[in-house]
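Quick look at data.pdb (PDB, C-alpha atoms):
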```pdb
ATOM      1  CA  MET A   1     -26.924-122.227  19.631
ATOM      2  CA  ALA A   2     -24.279-120.292  21.526
ATOM      3  CA  VAL A   3     -24.997-116.617  22.229
ATOM      4  CA  LEU A   4     -22.415-113.971  21.436
ATOM      5  CA  GLU A   5     -21.733-111.665  24.382
ATOM      6  CA  LEU A   6     -19.587-108.559  24.699
ATOM      7  CA  ARG A   7     -17.152-110.326  26.982
ATOM      8  CA  HIS A   8     -16.291-112.675  24.116
ATOM      9  CA  LEU A   9     -15.122-109.709  22.048
ATOM     10  CA  ARG A  10     -13.063-108.324  24.910
ATOM     11  CA  TYR A  11     -11.521-111.737  25.558
ATOM     12  CA  LEU A  12     -10.543-112.145  21.904
ATOM     13  CA  LEU A  13      -8.993-108.676  21.741
ATOM     14  CA  ALA A  14      -6.977-109.338  24.906
ATOM     15  CA  VAL A  15      -5.538-112.579  23.501
ATOM     16  CA  ALA A  16      -4.791-110.879  20.186
ATOM     17  CA  GLU A  17      -2.987-108.030  21.974
ATOM     18  CA  HIS A  18      -0.843-110.265  24.210
ATOM     19  CA  GLY A  19      -0.378-113.179  21.800
ATOM     20  CA  ASN A  20      -0.649-115.376  24.849
ATOM     21  CA  PHE A  21      -3.557-116.906  26.780
ATOM     22  CA  THR A  22      -1.791-116.727  30.161
ATOM     23  CA  ARG A  23      -1.049-113.013  30.069
ATOM     24  CA  ALA A  24      -4.477-112.231  28.631
ATOM     25  CA  ALA A  25      -6.166-114.239  31.403
ATOM     26  CA  GLN A  26      -4.133-112.377  34.029
ATOM     27  CA  GLU A  27      -5.212-109.033  32.592
ATOM     28  CA  LEU A  28      -8.846-110.133  32.457
ATOM     29  CA  HIS A  29      -8.713-111.640  35.983
ATOM     30  CA  ILE A  30     -10.062-114.996  34.846
ATOM     31  CA  SER A  31      -8.462-118.443  34.669
ATOM     32  CA  GLN A  32      -6.689-119.568  31.528
ATOM     33  CA  PRO A  33      -8.988-122.612  31.027
ATOM     34  CA  THR A  34     -12.029-120.343  31.284
ATOM     35  CA  LEU A  35     -10.536-117.951  28.723
ATOM     36  CA  SER A  36      -9.735-120.790  26.322
ATOM     37  CA  GLN A  37     -13.243-122.193  26.694
ATOM     38  CA  GLN A  38     -14.823-118.776  26.026
ATOM     39  CA  ILE A  39     -12.720-118.216  22.894
ATOM     40  CA  ARG A  40     -13.683-121.644  21.530
ATOM     41  CA  GLN A  41     -17.305-120.803  22.225
ATOM     42  CA  LEU A  42     -16.879-117.602  20.226
ATOM     43  CA  GLU A  43     -15.298-119.520  17.341
ATOM     44  CA  ARG A  44     -18.230-121.942  17.297
ATOM     45  CA  THR A  45     -20.637-119.013  17.297
ATOM     46  CA  VAL A  46     -19.042-117.268  14.313
ATOM     47  CA  GLY A  47     -18.277-120.549  12.546
ATOM     48  CA  ALA A  48     -14.569-119.888  11.950
ATOM     49  CA  GLN A  49     -11.186-120.389  13.626
ATOM     50  CA  LEU A  50     -10.067-116.988  14.861
ATOM     51  CA  LEU A  51      -6.756-117.882  16.534
ATOM     52  CA  ASP A  52      -3.771-119.920  15.375
ATOM     53  CA  ARG A  53      -2.529-121.758  18.465
ATOM     54  CA  THR A  54       0.174-123.875  16.781
ATOM     55  CA  GLY A  55       3.154-121.530  17.232
ATOM     56  CA  ARG A  56       5.000-120.258  20.280
ATOM     57  CA  THR A  57       2.713-117.264  20.286
ATOM     58  CA  VAL A  58      -0.997-117.168  19.581
ATOM     59  CA  ARG A  59      -1.763-115.336  16.360
ATOM     60  CA  LEU A  60      -4.898-114.219  14.582
ATOM     61  CA  THR A  61      -5.975-116.179  11.552
ATOM     62  CA  ASP A  62      -7.075-114.252   8.474
ATOM     63  CA  ALA A  63     -10.653-114.594   9.681
ATOM     64  CA  GLY A  64      -9.576-113.515  13.153
ATOM     65  CA  ALA A  65      -7.862-110.377  11.837
ATOM     66  CA  VAL A  66     -11.035-109.316  10.015
ATOM     67  CA  TYR A  67     -13.217-110.159  12.997
ATOM     68  CA  THR A  68     -11.101-108.265  15.542
ATOM     69  CA  ASP A  69     -11.136-105.174  13.344
ATOM     70  CA  HIS A  70     -14.934-105.169  13.487
ATOM     71  CA  ALA A  71     -14.903-106.078  17.182
ATOM     72  CA  ARG A  72     -12.764-103.054  18.061
ATOM     73  CA  ARG A  73     -15.071-100.818  16.065
ATOM     74  CA  ALA A  74     -18.144-102.292  17.719
ATOM     75  CA  LEU A  75     -16.765-101.809  21.243
ATOM     76  CA  ARG A  76     -15.696 -98.266  20.427
ATOM     77  CA  ASP A  77     -19.134 -97.421  19.060
ATOM     78  CA  LEU A  78     -20.791 -99.028  22.065
ATOM     79  CA  ALA A  79     -18.670 -96.908  24.434
ATOM     80  CA  ALA A  80     -19.724 -93.802  22.516
ATOM     81  CA  ALA A  81     -23.350 -94.909  22.741
ATOM     82  CA  GLU A  82     -23.060 -95.348  26.500
ATOM     83  CA  ARG A  83     -21.616 -91.852  26.829
ATOM     84  CA  ALA A  84     -24.467 -90.524  24.704
ATOM     85  CA  VAL A  85     -27.052 -92.155  26.982
ATOM     86  CA  HIS A  86     -25.410 -90.704  30.083
ATOM     87  CA  ASP A  87     -24.730 -87.322  28.547
ATOM     88  CA  VAL A  88     -26.606 -84.627  30.444
ATOM     89  CA  GLN A  89     -27.483 -81.695  28.234
ATOM     90  CA  ASP A  90     -27.568 -79.202  31.104
ATOM     91  CA  LEU A  91     -23.912 -80.059  31.908
ATOM     92  CA  SER A  92     -24.742 -81.004  35.489
ATOM     93  CA  ARG A  93     -22.298 -83.870  35.028
ATOM     94  CA  GLY A  94     -20.025 -85.206  32.312
ATOM     95  CA  HIS A  95     -16.458 -85.966  31.313
ATOM     96  CA  LEU A  96     -14.100 -84.507  28.710
ATOM     97  CA  ARG A  97     -10.847 -86.094  27.528
ATOM     98  CA  LEU A  98      -8.430 -83.553  26.040
ATOM     99  CA  GLY A  99      -5.004 -84.097  24.486
ATOM    100  CA  VAL A 100      -2.533 -81.248  23.859
ATOM    101  CA  THR A 101       0.993 -80.954  22.523
ATOM    102  CA  PRO A 102       3.455 -79.694  25.170
ATOM    103  CA  THR A 103       3.774 -76.074  24.000
ATOM    104  CA  PHE A 104       0.153 -75.319  24.828
ATOM    105  CA  THR A 105       0.490 -76.211  28.497
ATOM    106  CA  ALA A 106       2.592 -73.068  28.846
ATOM    107  CA  TYR A 107      -0.009 -70.540  27.757
ATOM    108  CA  LEU A 108      -3.321 -72.005  26.607
ATOM    109  CA  VAL A 109      -4.252 -74.925  28.856
ATOM    110  CA  GLY A 110      -4.277 -72.880  32.082
ATOM    111  CA  PRO A 111      -6.748 -70.195  30.905
ATOM    112  CA  LEU A 112      -8.880 -72.790  29.103
ATOM    113  CA  THR A 113      -9.103 -75.069  32.115
ATOM    114  CA  ALA A 114      -9.805 -72.217  34.518
ATOM    115  CA  GLU A 115     -12.616 -70.816  32.376
ATOM    116  CA  PHE A 116     -14.091 -74.250  31.664
ATOM    117  CA  HIS A 117     -14.135 -75.114  35.371
ATOM    118  CA  THR A 118     -15.706 -71.752  36.202
ATOM    119  CA  ARG A 119     -18.491 -72.243  33.677
ATOM    120  CA  HIS A 120     -19.003 -75.990  34.174
ATOM    121  CA  PRO A 121     -17.649 -77.062  37.593
ATOM    122  CA  ALA A 122     -19.427 -80.438  37.475
ATOM    123  CA  ILE A 123     -17.573 -81.602  34.345
ATOM    124  CA  ASN A 124     -14.510 -83.762  34.916
ATOM    125  CA  LEU A 125     -11.570 -82.992  32.636
ATOM    126  CA  THR A 126      -8.829 -85.496  31.832
ATOM    127  CA  LEU A 127      -5.823 -83.737  30.278
ATOM    128  CA  THR A 128      -3.082 -85.594  28.413
ATOM    129  CA  GLU A 129       0.109 -83.899  27.227
ATOM    130  CA  THR A 130       1.695 -85.867  24.397
ATOM    131  CA  THR A 131       2.911 -85.719  20.808
ATOM    132  CA  GLN A 132       0.625 -84.844  17.917
ATOM    133  CA  ASP A 133       0.811 -88.286  16.304
ATOM    134  CA  ARG A 134      -0.262 -89.892  19.577
ATOM    135  CA  ILE A 135      -3.116 -87.417  19.970
ATOM    136  CA  GLU A 136      -4.436 -88.303  16.532
ATOM    137  CA  ALA A 137      -4.091 -92.039  17.159
ATOM    138  CA  ALA A 138      -5.949 -91.636  20.471
ATOM    139  CA  LEU A 139      -8.752 -89.703  18.774
ATOM    140  CA  LEU A 140      -9.188 -92.489  16.216
ATOM    141  CA  ALA A 141      -9.180 -95.098  18.993
ATOM    142  CA  ASP A 142     -11.801 -93.072  20.911
ATOM    143  CA  ASP A 143      -9.399 -92.567  23.817
ATOM    144  CA  LEU A 144      -9.678 -88.760  23.481
ATOM    145  CA  ASP A 145     -12.559 -86.446  22.654
ATOM    146  CA  LEU A 146     -10.548 -83.451  21.452
ATOM    147  CA  GLY A 147      -6.959 -82.482  20.725
ATOM    148  CA  ILE A 148      -5.103 -79.185  20.374
ATOM    149  CA  ALA A 149      -2.144 -79.296  18.016
ATOM    150  CA  PHE A 150      -0.909 -77.801  14.736
ATOM    151  CA  ALA A 151      -2.192 -77.839  11.179
ATOM    152  CA  GLY A 152      -0.474 -80.194   8.780
ATOM    153  CA  PRO A 153      -0.942 -83.635   7.312
ATOM    154  CA  HIS A 154      -3.401 -85.481   9.544
ATOM    155  CA  LEU A 155      -4.324 -89.134   9.826
ATOM    156  CA  PRO A 156      -7.375 -90.165   7.786
ATOM    157  CA  GLY A 157     -10.454 -89.671   9.929
ATOM    158  CA  VAL A 158      -9.029 -86.761  11.950
ATOM    159  CA  ILE A 159     -10.711 -83.389  11.381
ATOM    160  CA  ALA A 160      -8.839 -80.151  12.134
ATOM    161  CA  THR A 161     -10.504 -76.794  12.792
ATOM    162  CA  ALA A 162      -8.233 -73.740  12.731
ATOM    163  CA  LEU A 163      -8.141 -71.727  15.974
ATOM    164  CA  PHE A 164      -5.446 -69.084  15.587
ATOM    165  CA  THR A 165      -2.008 -68.349  14.159
ATOM    166  CA  GLU A 166       0.923 -68.853  16.507
ATOM    167  CA  THR A 167       3.841 -66.455  16.094
ATOM    168  CA  LEU A 168       7.282 -67.234  17.490
ATOM    169  CA  SER A 169       9.847 -64.602  18.409
ATOM    170  CA  LEU A 170      13.021 -64.164  20.344
ATOM    171  CA  VAL A 171      11.981 -63.865  23.998
ATOM    172  CA  THR A 172      14.155 -62.102  26.530
ATOM    173  CA  SER A 173      13.861 -60.446  29.918
ATOM    174  CA  THR A 174      12.013 -57.152  29.728
ATOM    175  CA  PRO A 175      14.926 -54.963  30.954
ATOM    176  CA  ARG A 176      17.128 -56.178  28.062
ATOM    177  CA  VAL A 177      14.663 -55.223  25.329
ATOM    178  CA  GLN A 178      15.593 -51.521  25.349
ATOM    179  CA  ALA A 179      19.126 -52.351  24.232
ATOM    180  CA  MET A 180      18.005 -54.527  21.297
ATOM    181  CA  PRO A 181      16.867 -53.403  17.838
ATOM    182  CA  ASN A 182      13.265 -54.177  16.937
ATOM    183  CA  PRO A 183      13.061 -56.230  14.801
ATOM    184  CA  LEU A 184      16.346 -57.989  15.452
ATOM    185  CA  PRO A 185      18.250 -59.137  12.333
ATOM    186  CA  VAL A 186      18.622 -62.901  12.454
ATOM    187  CA  HIS A 187      22.379 -62.679  11.976
ATOM    188  CA  ALA A 188      22.648 -60.627  15.179
ATOM    189  CA  LEU A 189      21.849 -63.850  17.027
ATOM    190  CA  LYS A 190      25.495 -64.817  16.692
ATOM    191  CA  ASP A 191      26.091 -62.438  19.605
ATOM    192  CA  GLU A 192      23.300 -63.990  21.705
ATOM    193  CA  GLN A 193      23.413 -66.949  24.070
ATOM    194  CA  LEU A 194      20.191 -68.932  23.835
ATOM    195  CA  ALA A 195      18.282 -71.332  26.043
ATOM    196  CA  LEU A 196      16.107 -73.500  23.803
ATOM    197  CA  LEU A 197      13.689 -76.385  24.031
ATOM    198  CA  SER A 198      15.255 -79.794  23.567
ATOM    199  CA  GLY A 199      14.883 -81.846  20.413
ATOM    200  CA  ASP A 200      11.909 -83.693  21.936
ATOM    201  CA  PHE A 201       9.730 -80.725  20.999
ATOM    202  CA  ALA A 202       8.374 -80.150  17.497
ATOM    203  CA  THR A 203       8.893 -76.437  18.192
ATOM    204  CA  ARG A 204      12.663 -77.002  18.382
ATOM    205  CA  SER A 205      12.654 -78.579  14.908
ATOM    206  CA  HIS A 206      10.731 -75.537  13.675
ATOM    207  CA  ILE A 207      13.360 -73.211  15.191
ATOM    208  CA  ASP A 208      16.345 -75.224  13.906
ATOM    209  CA  ALA A 209      14.941 -75.229  10.372
ATOM    210  CA  TYR A 210      14.652 -71.440  10.540
ATOM    211  CA  PHE A 211      18.250 -71.060  11.715
ATOM    212  CA  THR A 212      19.482 -73.390   8.977
ATOM    213  CA  GLN A 213      17.528 -71.579   6.276
ATOM    214  CA  HIS A 214      19.029 -68.226   7.243
ATOM    215  CA  ARG A 215      22.493 -69.575   8.105
ATOM    216  CA  ALA A 216      22.264 -68.282  11.634
ATOM    217  CA  THR A 217      24.532 -69.854  14.237
ATOM    218  CA  PRO A 218      23.542 -68.691  17.722
ATOM    219  CA  ARG A 219      25.320 -70.143  20.733
ATOM    220  CA  ILE A 220      22.932 -72.565  22.435
ATOM    221  CA  THR A 221      24.002 -72.571  26.071
ATOM    222  CA  VAL A 222      21.034 -74.344  27.667
ATOM    223  CA  GLU A 223      18.610 -76.981  26.399
ATOM    224  CA  ALA A 224      15.541 -77.861  28.476
ATOM    225  CA  ASN A 225      12.531 -80.131  28.087
ATOM    226  CA  SER A 226      10.329 -77.739  30.050
ATOM    227  CA  ILE A 227       8.972 -74.392  28.904
ATOM    228  CA  GLN A 228       8.523 -73.350  32.531
ATOM    229  CA  ALA A 229      12.241 -73.933  33.099
ATOM    230  CA  LEU A 230      13.097 -71.778  30.079
ATOM    231  CA  THR A 231      10.934 -68.876  31.212
ATOM    232  CA  GLU A 232      12.510 -68.978  34.684
ATOM    233  CA  ILE A 233      16.028 -69.091  33.234
ATOM    234  CA  VAL A 234      15.454 -66.254  30.770
ATOM    235  CA  GLN A 235      13.885 -63.838  33.234
ATOM    236  CA  ARG A 236      16.727 -64.412  35.719
ATOM    237  CA  THR A 237      19.723 -64.362  33.335
ATOM    238  CA  HIS A 238      21.052 -62.614  30.243
ATOM    239  CA  LEU A 239      20.027 -65.591  28.088
ATOM    240  CA  ALA A 240      17.275 -65.334  25.467
ATOM    241  CA  THR A 241      15.032 -68.036  24.040
ATOM    242  CA  VAL A 242      12.648 -68.582  21.122
ATOM    243  CA  LEU A 243       9.044 -69.263  22.108
ATOM    244  CA  PRO A 244       5.491 -68.387  21.036
ATOM    245  CA  ASP A 245       4.696 -64.727  21.666
ATOM    246  CA  ALA A 246       1.564 -65.737  23.567
ATOM    247  CA  ILE A 247       3.642 -67.168  26.417
ATOM    248  CA  THR A 248       4.743 -63.641  27.331
ATOM    249  CA  HIS A 249       1.100 -62.588  27.962
ATOM    250  CA  ASP A 250       1.256 -64.189  31.393
ATOM    251  CA  HIS A 251       4.908 -63.301  32.089
ATOM    252  CA  PRO A 252       5.298 -59.524  32.516
ATOM    253  CA  HIS A 253       9.061 -59.947  33.014
ATOM    254  CA  LEU A 254       9.439 -61.422  29.518
ATOM    255  CA  THR A 255       9.090 -59.568  26.201
ATOM    256  CA  PRO A 256       9.049 -60.894  22.624
ATOM    257  CA  VAL A 257      11.476 -59.371  20.124
ATOM    258  CA  PRO A 258      10.487 -59.940  16.484
ATOM    259  CA  LEU A 259      13.196 -61.371  14.249
ATOM    260  CA  ASN A 260      13.965 -60.281  10.703
ATOM    261  CA  PRO A 261      13.145 -62.328   8.678
ATOM    262  CA  SER A 262      10.265 -63.482  10.834
ATOM    263  CA  LEU A 263       9.992 -67.034  12.057
ATOM    264  CA  PRO A 264       7.355 -68.947  10.056
ATOM    265  CA  THR A 265       3.958 -68.900  11.728
ATOM    266  CA  ARG A 266       1.968 -72.039  12.600
ATOM    267  CA  THR A 267      -1.762 -72.596  12.602
ATOM    268  CA  VAL A 268      -3.119 -73.977  15.875
ATOM    269  CA  THR A 269      -6.006 -76.386  15.399
ATOM    270  CA  LEU A 270      -8.683 -78.167  17.379
ATOM    271  CA  LEU A 271      -8.768 -81.858  16.428
ATOM    272  CA  HIS A 272     -11.572 -84.411  16.634
ATOM    273  CA  ARG A 273     -12.467 -87.736  15.038
ATOM    274  CA  GLU A 274     -14.650 -87.557  11.957
ATOM    275  CA  ASN A 275     -18.281 -88.447  12.711
ATOM    276  CA  ALA A 276     -17.488 -88.948  16.408
ATOM    277  CA  TYR A 277     -20.275 -88.412  18.912
ATOM    278  CA  GLN A 278     -19.800 -85.048  20.644
ATOM    279  CA  SER A 279     -21.103 -84.875  24.187
ATOM    280  CA  ALA A 280     -22.529 -81.703  25.682
ATOM    281  CA  ALA A 281     -19.217 -81.237  27.517
ATOM    282  CA  THR A 282     -17.285 -81.535  24.254
ATOM    283  CA  ARG A 283     -19.513 -79.029  22.490
ATOM    284  CA  ALA A 284     -19.210 -76.619  25.425
ATOM    285  CA  PHE A 285     -15.423 -76.878  25.388
ATOM    286  CA  ILE A 286     -15.276 -76.214  21.639
ATOM    287  CA  HIS A 287     -17.435 -73.110  22.059
ATOM    288  CA  LEU A 288     -15.371 -71.897  25.025
ATOM    289  CA  THR A 289     -12.087 -72.418  23.142
ATOM    290  CA  HIS A 290     -13.193 -70.220  20.253
ATOM    291  CA  ASP A 291     -14.415 -67.588  22.724
ATOM    292  CA  LEU A 292     -11.158 -67.545  24.667
ATOM    293  CA  VAL A 293      -8.984 -67.355  21.551
ATOM    294  CA  ARG A 294     -10.996 -64.366  20.386
ATOM    295  CA  THR A 295     -11.044 -62.516  23.719
ATOM    296  CA  ARG A 296      -7.300 -62.978  24.297
ATOM    297  CA  GLY A 297      -6.588 -61.391  20.937
ATOM    298  CA  TYR A 298      -4.767 -64.279  19.276
ATOM    299  CA  THR A 299      -4.137 -63.726  15.564
ATOM    300  CA  PRO A 300      -6.965 -65.254  13.479
ATOM    301  CA  PRO A 301      -5.962 -68.122  11.190
ATOM    302  CA  PRO A 302      -5.265 -67.327   7.510
TER
END
```
Now, as a test, write the supplied structure out as structure tokens.
Amino acid sequence: MAVLELRHLRYLLAVAEHGNFTRAAQELHISQPTLSQQIRQLERTVGAQLLDRTGRTVRLTDAGAVYTDHARRALRDLAAAERAVHDVQDLSRGHLRLGVTPTFTAYLVGPLTAEFHTRHPAINLTLTETTQDRIEAALLADDLDLGIAFAGPHLPGVIATALFTETLSLVTSTPRVQAMPNPLPVHALKDEQLALLSGDFATRSHIDAYFTQHRATPRITVEANSIQALTEIVQRTHLATVLPDAITHDHPHLTPVPLNPSLPTRTVTLLHRENAYQSAATRAFIHLTHDLVRTRGYTPPP
């Protein structure tokens, strides 16, 4: 009787992903005949045809679709088990995979990373900046351990823990603040030239919805896909922007000006996969994040 081995599962998933034996074999660094032979061995072992080879592309049969779903889950759980075995509780070594939405690289990631490295210098951190939907998909696929994003509808299996409330305001260079009312009526923005994040950012959609709701029509002079670029532009020109207040904590030349009515707040959350194994490094990072949020005086979540 043939013996099922882990490589068989990986081979099947590669063929299913590429829909082609040649490309799958190239990725796996084995010959195509060897790959075909291994897949047939797997089919004999499970007693069912897993791949339909009759078309131009190789497709999963109904049995193959069910089997690959379980195979992915098994490999994911095995990877988690391997991390658990190698997890060192005293944090003398380890690895953490963190995903964040772009806004947080401007004011949260730096302090978090610095403090985490100071406390646990032997832990390797892999940081990924991407969209919230990709963070959640990566958590479910076990490609990330934690994510930092916003509260809202989440994918099934993703758990969100509230960290703090993010407040957005008009942000301008500190010397200009004295000449501006506080708070600034939203309709006064018609006299302001703004530099805003581009439409690639969820924050820009948040800002645009606010302007639309209050029928405000500021002149948008600059659009940028970098928060660092915006902060440089604003502190060196007469332009203003709209960003989270927290960004100004590390930029003494920038000052937030509250708007009236206020921009809607957002709840920042720490994301993880439901029932996922949490390594010592992951648990340490969660604890540190709550500590840092509290010590920096961020507004507690509602």
Running the PyMOL selection byres ((chain A and resi 170) around 8) on this model by hand, what would come out? Give it as a PyMOL selection string.
chain A and resi 168-169+171-172+240-243+256-259
Output of the PyMOL selection byres ((chain A and resi 10-16) around 12), listed as a CSV table (one decimal) with C-alpha atoms, keeping the file's coordinate frame:
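Below you can see result_2.csv, which holds the result:
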```csv
chain,number,residue,atom,x,y,z
A,4,LEU,CA,-22.4,-114.0,21.4
A,5,GLU,CA,-21.7,-111.7,24.4
A,6,LEU,CA,-19.6,-108.6,24.7
A,7,ARG,CA,-17.2,-110.3,27.0
A,8,HIS,CA,-16.3,-112.7,24.1
A,9,LEU,CA,-15.1,-109.7,22.0
A,17,GLU,CA,-3.0,-108.0,22.0
A,18,HIS,CA,-0.8,-110.3,24.2
A,19,GLY,CA,-0.4,-113.2,21.8
A,20,ASN,CA,-0.6,-115.4,24.8
A,21,PHE,CA,-3.6,-116.9,26.8
A,22,THR,CA,-1.8,-116.7,30.2
A,23,ARG,CA,-1.0,-113.0,30.1
A,24,ALA,CA,-4.5,-112.2,28.6
A,25,ALA,CA,-6.2,-114.2,31.4
A,26,GLN,CA,-4.1,-112.4,34.0
A,27,GLU,CA,-5.2,-109.0,32.6
A,28,LEU,CA,-8.8,-110.1,32.5
A,29,HIS,CA,-8.7,-111.6,36.0
A,30,ILE,CA,-10.1,-115.0,34.8
A,31,SER,CA,-8.5,-118.4,34.7
A,32,GLN,CA,-6.7,-119.6,31.5
A,34,THR,CA,-12.0,-120.3,31.3
A,35,LEU,CA,-10.5,-118.0,28.7
A,36,SER,CA,-9.7,-120.8,26.3
A,37,GLN,CA,-13.2,-122.2,26.7
A,38,GLN,CA,-14.8,-118.8,26.0
A,39,ILE,CA,-12.7,-118.2,22.9
A,40,ARG,CA,-13.7,-121.6,21.5
A,41,GLN,CA,-17.3,-120.8,22.2
A,42,LEU,CA,-16.9,-117.6,20.2
A,43,GLU,CA,-15.3,-119.5,17.3
A,49,GLN,CA,-11.2,-120.4,13.6
A,50,LEU,CA,-10.1,-117.0,14.9
A,51,LEU,CA,-6.8,-117.9,16.5
A,52,ASP,CA,-3.8,-119.9,15.4
A,53,ARG,CA,-2.5,-121.8,18.5
A,57,THR,CA,2.7,-117.3,20.3
A,58,VAL,CA,-1.0,-117.2,19.6
A,59,ARG,CA,-1.8,-115.3,16.4
A,60,LEU,CA,-4.9,-114.2,14.6
A,61,THR,CA,-6.0,-116.2,11.6
A,64,GLY,CA,-9.6,-113.5,13.2
A,65,ALA,CA,-7.9,-110.4,11.8
A,66,VAL,CA,-11.0,-109.3,10.0
A,67,TYR,CA,-13.2,-110.2,13.0
A,68,THR,CA,-11.1,-108.3,15.5
A,69,ASP,CA,-11.1,-105.2,13.3
A,70,HIS,CA,-14.9,-105.2,13.5
A,71,ALA,CA,-14.9,-106.1,17.2
A,72,ARG,CA,-12.8,-103.1,18.1
A,73,ARG,CA,-15.1,-100.8,16.1
A,74,ALA,CA,-18.1,-102.3,17.7
A,75,LEU,CA,-16.8,-101.8,21.2
A,76,ARG,CA,-15.7,-98.3,20.4
```
Let me know the residues the PyMOL selection byres ((chain A and resi 186-194) around 10) catches in the file above, as a PyMOL selection string.
chain A and resi 170-172+180-181+183-185+195-197+210-211+214-223+230+234+238-242+258-263
At what distance in Å, to one decimal, does atom CA of Ile159 of chain A lie from atom CA of Asn124 of chain A?
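Between these atoms lies a distance of 23.8 Å.
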Among the residues A:Ala48, A:Ala81, A:Val158, A:Leu112, the one that comes closest to Thr295 of chain A [using all atoms listed in the file]
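Comparing A:Ala48, A:Ala81, A:Val158, A:Leu112 against Thr295 of chain A, the winner is A:Leu112.
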Within 12 Å of segment 278-281 of chain A: each segment 131-172 of chain A residue with its shortest pair, all atoms listed in the file, as a Markdown table:
```
| residue | atom | partner | partner_atom | distance |
| --- | --- | --- | --- | --- |
| A:Asp142 | CA | A:Gln278 | CA | 11.3 |
| A:Leu144 | CA | A:Gln278 | CA | 11.1 |
| A:Asp145 | CA | A:Gln278 | CA | 7.6 |
| A:Leu146 | CA | A:Gln278 | CA | 9.4 |
```
Near Asp200 of chain A, counting all atoms listed in the file, which residues have an atom at most 10 Å away, once you skip same-chain residues fewer than 2 positions from it, shown as a VMD selection string?
chain A and resid 102 131 197 to 198 202 to 205 224 to 225
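Taking atom CA of Ala284 of chain A and atom CA of Thr167 of chain A as the two end points, the separation is 26.9 Å.
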So what do you get for atom CA of Thr299 of chain A versus atom CA of Ala151 of chain A, distance-wise?
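Atom CA of Ala151 of chain A lies 14.9 Å from atom CA of Thr299 of chain A.
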Within 6 Å of segment 264-275 of chain A using all atoms listed in the file, minus same-chain residues under 6 positions, as a list in words
Leu139, Leu140, Leu146, Gly147, Ile148, Ala149, Phe150, Ala151, Gly157, Val158, Ile159, Ala160, Thr161, Ala162, Leu163, Phe164, Thr165, Glu166 and Thr167 of chain A
Go ahead and find all residues with at least one atom no further than 7 Å from (-0.1, -67.0, 29.3) in the file's coordinates, using all atoms listed in the file; report them as JSON, numbers by chain.
{"A": [106, 107, 108, 246, 247, 248, 249, 250, 251]}
Could you check which of A:Thr45, A:Pro153, A:Asp143, A:Asp133 is closest to Ala276 of chain A, using all atoms listed in the file?
A:Asp143
